[in-house]
>>> print(open('final_35.cif').read())   # mmCIF, C-alpha atoms
data_final
loop_
_atom_site.label_atom_id
_atom_site.label_comp_id
_atom_site.auth_asym_id
_atom_site.auth_seq_id
_atom_site.Cartn_x
_atom_site.Cartn_y
_atom_site.Cartn_z
CA MET A 1 -1.64 -8.58 -29.13
CA ALA A 2 0.05 -6.80 -31.99
CA ASN A 3 3.54 -7.81 -33.03
CA HIS A 4 4.96 -4.31 -32.84
CA SER A 5 8.08 -3.92 -30.77
CA ALA A 6 6.59 -0.98 -28.87
CA THR A 7 3.58 -3.07 -27.88
CA LYS A 8 5.81 -5.89 -26.66
CA LYS A 9 7.85 -3.42 -24.63
CA ASP A 10 4.68 -1.96 -23.13
CA VAL A 11 3.58 -5.45 -22.07
CA ARG A 12 6.95 -6.03 -20.39
CA GLN A 13 6.78 -2.69 -18.60
CA SER A 14 3.21 -3.16 -17.41
CA THR A 15 4.07 -6.62 -16.09
CA LYS A 16 6.92 -5.19 -14.03
CA ARG A 17 4.72 -2.36 -12.73
CA ARG A 18 1.95 -4.78 -11.80
CA GLU A 19 4.35 -7.02 -9.86
CA LYS A 20 5.81 -4.05 -7.98
CA ASN A 21 2.36 -2.69 -7.17
CA ARG A 22 1.20 -6.11 -5.93
CA TYR A 23 4.29 -6.34 -3.71
CA TYR A 24 3.83 -2.87 -2.22
CA GLY A 25 0.10 -3.41 -1.75
CA LYS A 26 0.55 -6.75 0.00
CA THR A 27 3.36 -5.41 2.18
CA THR A 28 1.20 -2.49 3.26
CA ARG A 29 -1.79 -4.72 3.98
CA ASN A 30 0.42 -6.93 6.14
CA ALA A 31 1.75 -3.89 7.99
CA ILE A 32 -1.80 -2.68 8.66
CA ARG A 33 -2.79 -6.14 9.90
CA GLU A 34 0.22 -6.26 12.25
CA LEU A 35 -0.48 -2.73 13.46
CA LYS A 36 -4.06 -3.64 14.35
CA THR A 37 -2.80 -6.45 16.58
CA LYS A 38 -0.39 -4.16 18.48
CA GLU A 39 -1.41 -3.37 21.99
CA GLY A 40 0.32 -1.78 24.91
CA ASP A 41 1.59 1.61 25.89
CA GLY A 42 2.77 3.48 22.83
CA ALA A 43 3.43 0.48 20.60
CA TYR A 44 0.52 1.35 18.31
CA ALA A 45 1.34 5.05 18.20
CA LYS A 46 5.00 4.34 17.51
CA GLU A 47 4.26 2.18 14.45
CA LEU A 48 1.43 4.34 13.08
CA PRO A 49 3.53 6.95 11.19
CA ALA A 50 5.40 4.29 9.22
CA VAL A 51 2.17 2.57 8.17
CA VAL A 52 0.54 5.90 7.25
CA SER A 53 3.57 6.67 5.09
CA MET A 54 3.19 3.34 3.29
CA ILE A 55 -0.50 4.06 2.66
CA ASP A 56 0.32 7.52 1.28
CA LYS A 57 2.87 6.01 -1.10
CA LEU A 58 0.28 3.55 -2.41
CA ALA A 59 -2.12 6.39 -3.08
CA LYS A 60 0.61 8.44 -4.76
CA ARG A 61 1.51 5.54 -7.04
CA GLY A 62 -2.14 4.96 -7.89
CA VAL A 63 -2.28 1.48 -6.41
CA ILE A 64 -5.21 2.52 -4.23
CA HIS A 65 -7.55 5.49 -4.54
CA LYS A 66 -6.71 8.57 -2.49
CA ASN A 67 -10.08 8.47 -0.73
CA LYS A 68 -9.53 4.84 0.26
CA ALA A 69 -6.16 5.82 1.67
CA ALA A 70 -7.80 8.60 3.65
CA ASN A 71 -10.44 6.21 5.00
CA ILE A 72 -7.84 3.67 6.11
CA LYS A 73 -5.71 6.35 7.79
CA SER A 74 -8.77 7.76 9.53
CA LYS A 75 -9.72 4.38 10.98
CA LEU A 76 -6.17 3.78 12.19
CA ALA A 77 -6.02 7.25 13.75
CA LYS A 78 -9.32 6.68 15.56
CA LYS A 79 -7.96 3.49 17.06
CA ALA A 80 -4.78 5.30 18.09
CA ALA A 81 -6.83 7.97 19.84
CA ALA A 82 -8.94 5.33 21.57
CA THR A 83 -5.89 3.50 22.92
CA LYS A 84 -4.49 6.63 24.61
#
>>> encode(input="final_35.cif", output="structure tokens")
Amino acid sequence: MANHSATKKDVRQSTKRREKNRYYGKTTRNAIRELKTKEGDGAYAKELPAVVSMIDKLAKRGVIHKNKAANIKSKLAKKAAATK
């Protein structure tokens, strides 16, 4: 690593971004896991919009690819339709 102040600042910034992205990614994965275990009348459908929103935010931030986000949302929507 170079000893330029701009390079050191960039390392600090990228570290903060990486930690935030890891937090949001892990939180979303946990929410998806909890959603998949939901059963009952309307419990799954009630929680689905919040989880879809979290997935969209990950794709917007660039944490996951937009096509991966679409695939995850599609699978969750299929399960929601099957539970109705």
>>> atom_distance(input="final_35.cif", atom1="atom CA of A:Thr28", atom2="atom CA of A:Val51")
7.1 Å
>>> resolve_selection(input="final_35.cif", expression="the PyMOL selection byres ((chain A and resi 62-73) around 10)", output="ChimeraX atom specification")
/A:18,20-22,24-25,32,48-49,51-61,74-79
>>> atom_distance(input="final_35.cif", atom1="atom CA of A:Arg29", atom2="atom CA of A:Val11")
26.6 Å
>>> atom_distance(input="final_35.cif", atom1="atom CA of A:Gln13", atom2="atom CA of A:Ala31")
27.1 Å
>>> resolve_selection(input="final_35.cif", expression="the PyMOL selection byres ((chain A and resi 45) around 10)", output="list of chain:residue names")
A:Leu35, A:Lys38, A:Glu39, A:Gly40, A:Asp41, A:Gly42, A:Ala43, A:Tyr44, A:Lys46, A:Glu47, A:Leu48, A:Pro49, A:Ala50, A:Leu76, A:Ala77, A:Lys79, A:Ala80, A:Ala81, A:Thr83, A:Lys84
>>> write_last_selection(input="final_35.cif", atoms="C-alpha atoms", output="mmCIF file, in the frame of the given file")
data_model
loop_
_atom_site.group_PDB
_atom_site.id
_atom_site.type_symbol
_atom_site.label_atom_id
_atom_site.label_comp_id
_atom_site.auth_asym_id
_atom_site.auth_seq_id
_atom_site.Cartn_x
_atom_site.Cartn_y
_atom_site.Cartn_z
ATOM 1 C CA LEU A 35 -0.480 -2.730 13.460
ATOM 2 C CA LYS A 38 -0.390 -4.160 18.480
ATOM 3 C CA GLU A 39 -1.410 -3.370 21.990
ATOM 4 C CA GLY A 40 0.320 -1.780 24.910
ATOM 5 C CA ASP A 41 1.590 1.610 25.890
ATOM 6 C CA GLY A 42 2.770 3.480 22.830
ATOM 7 C CA ALA A 43 3.430 0.480 20.600
ATOM 8 C CA TYR A 44 0.520 1.350 18.310
ATOM 9 C CA LYS A 46 5.000 4.340 17.510
ATOM 10 C CA GLU A 47 4.260 2.180 14.450
ATOM 11 C CA LEU A 48 1.430 4.340 13.080
ATOM 12 C CA PRO A 49 3.530 6.950 11.190
ATOM 13 C CA ALA A 50 5.400 4.290 9.220
ATOM 14 C CA LEU A 76 -6.170 3.780 12.190
ATOM 15 C CA ALA A 77 -6.020 7.250 13.750
ATOM 16 C CA LYS A 79 -7.960 3.490 17.060
ATOM 17 C CA ALA A 80 -4.780 5.300 18.090
ATOM 18 C CA ALA A 81 -6.830 7.970 19.840
ATOM 19 C CA THR A 83 -5.890 3.500 22.920
ATOM 20 C CA LYS A 84 -4.490 6.630 24.610
#
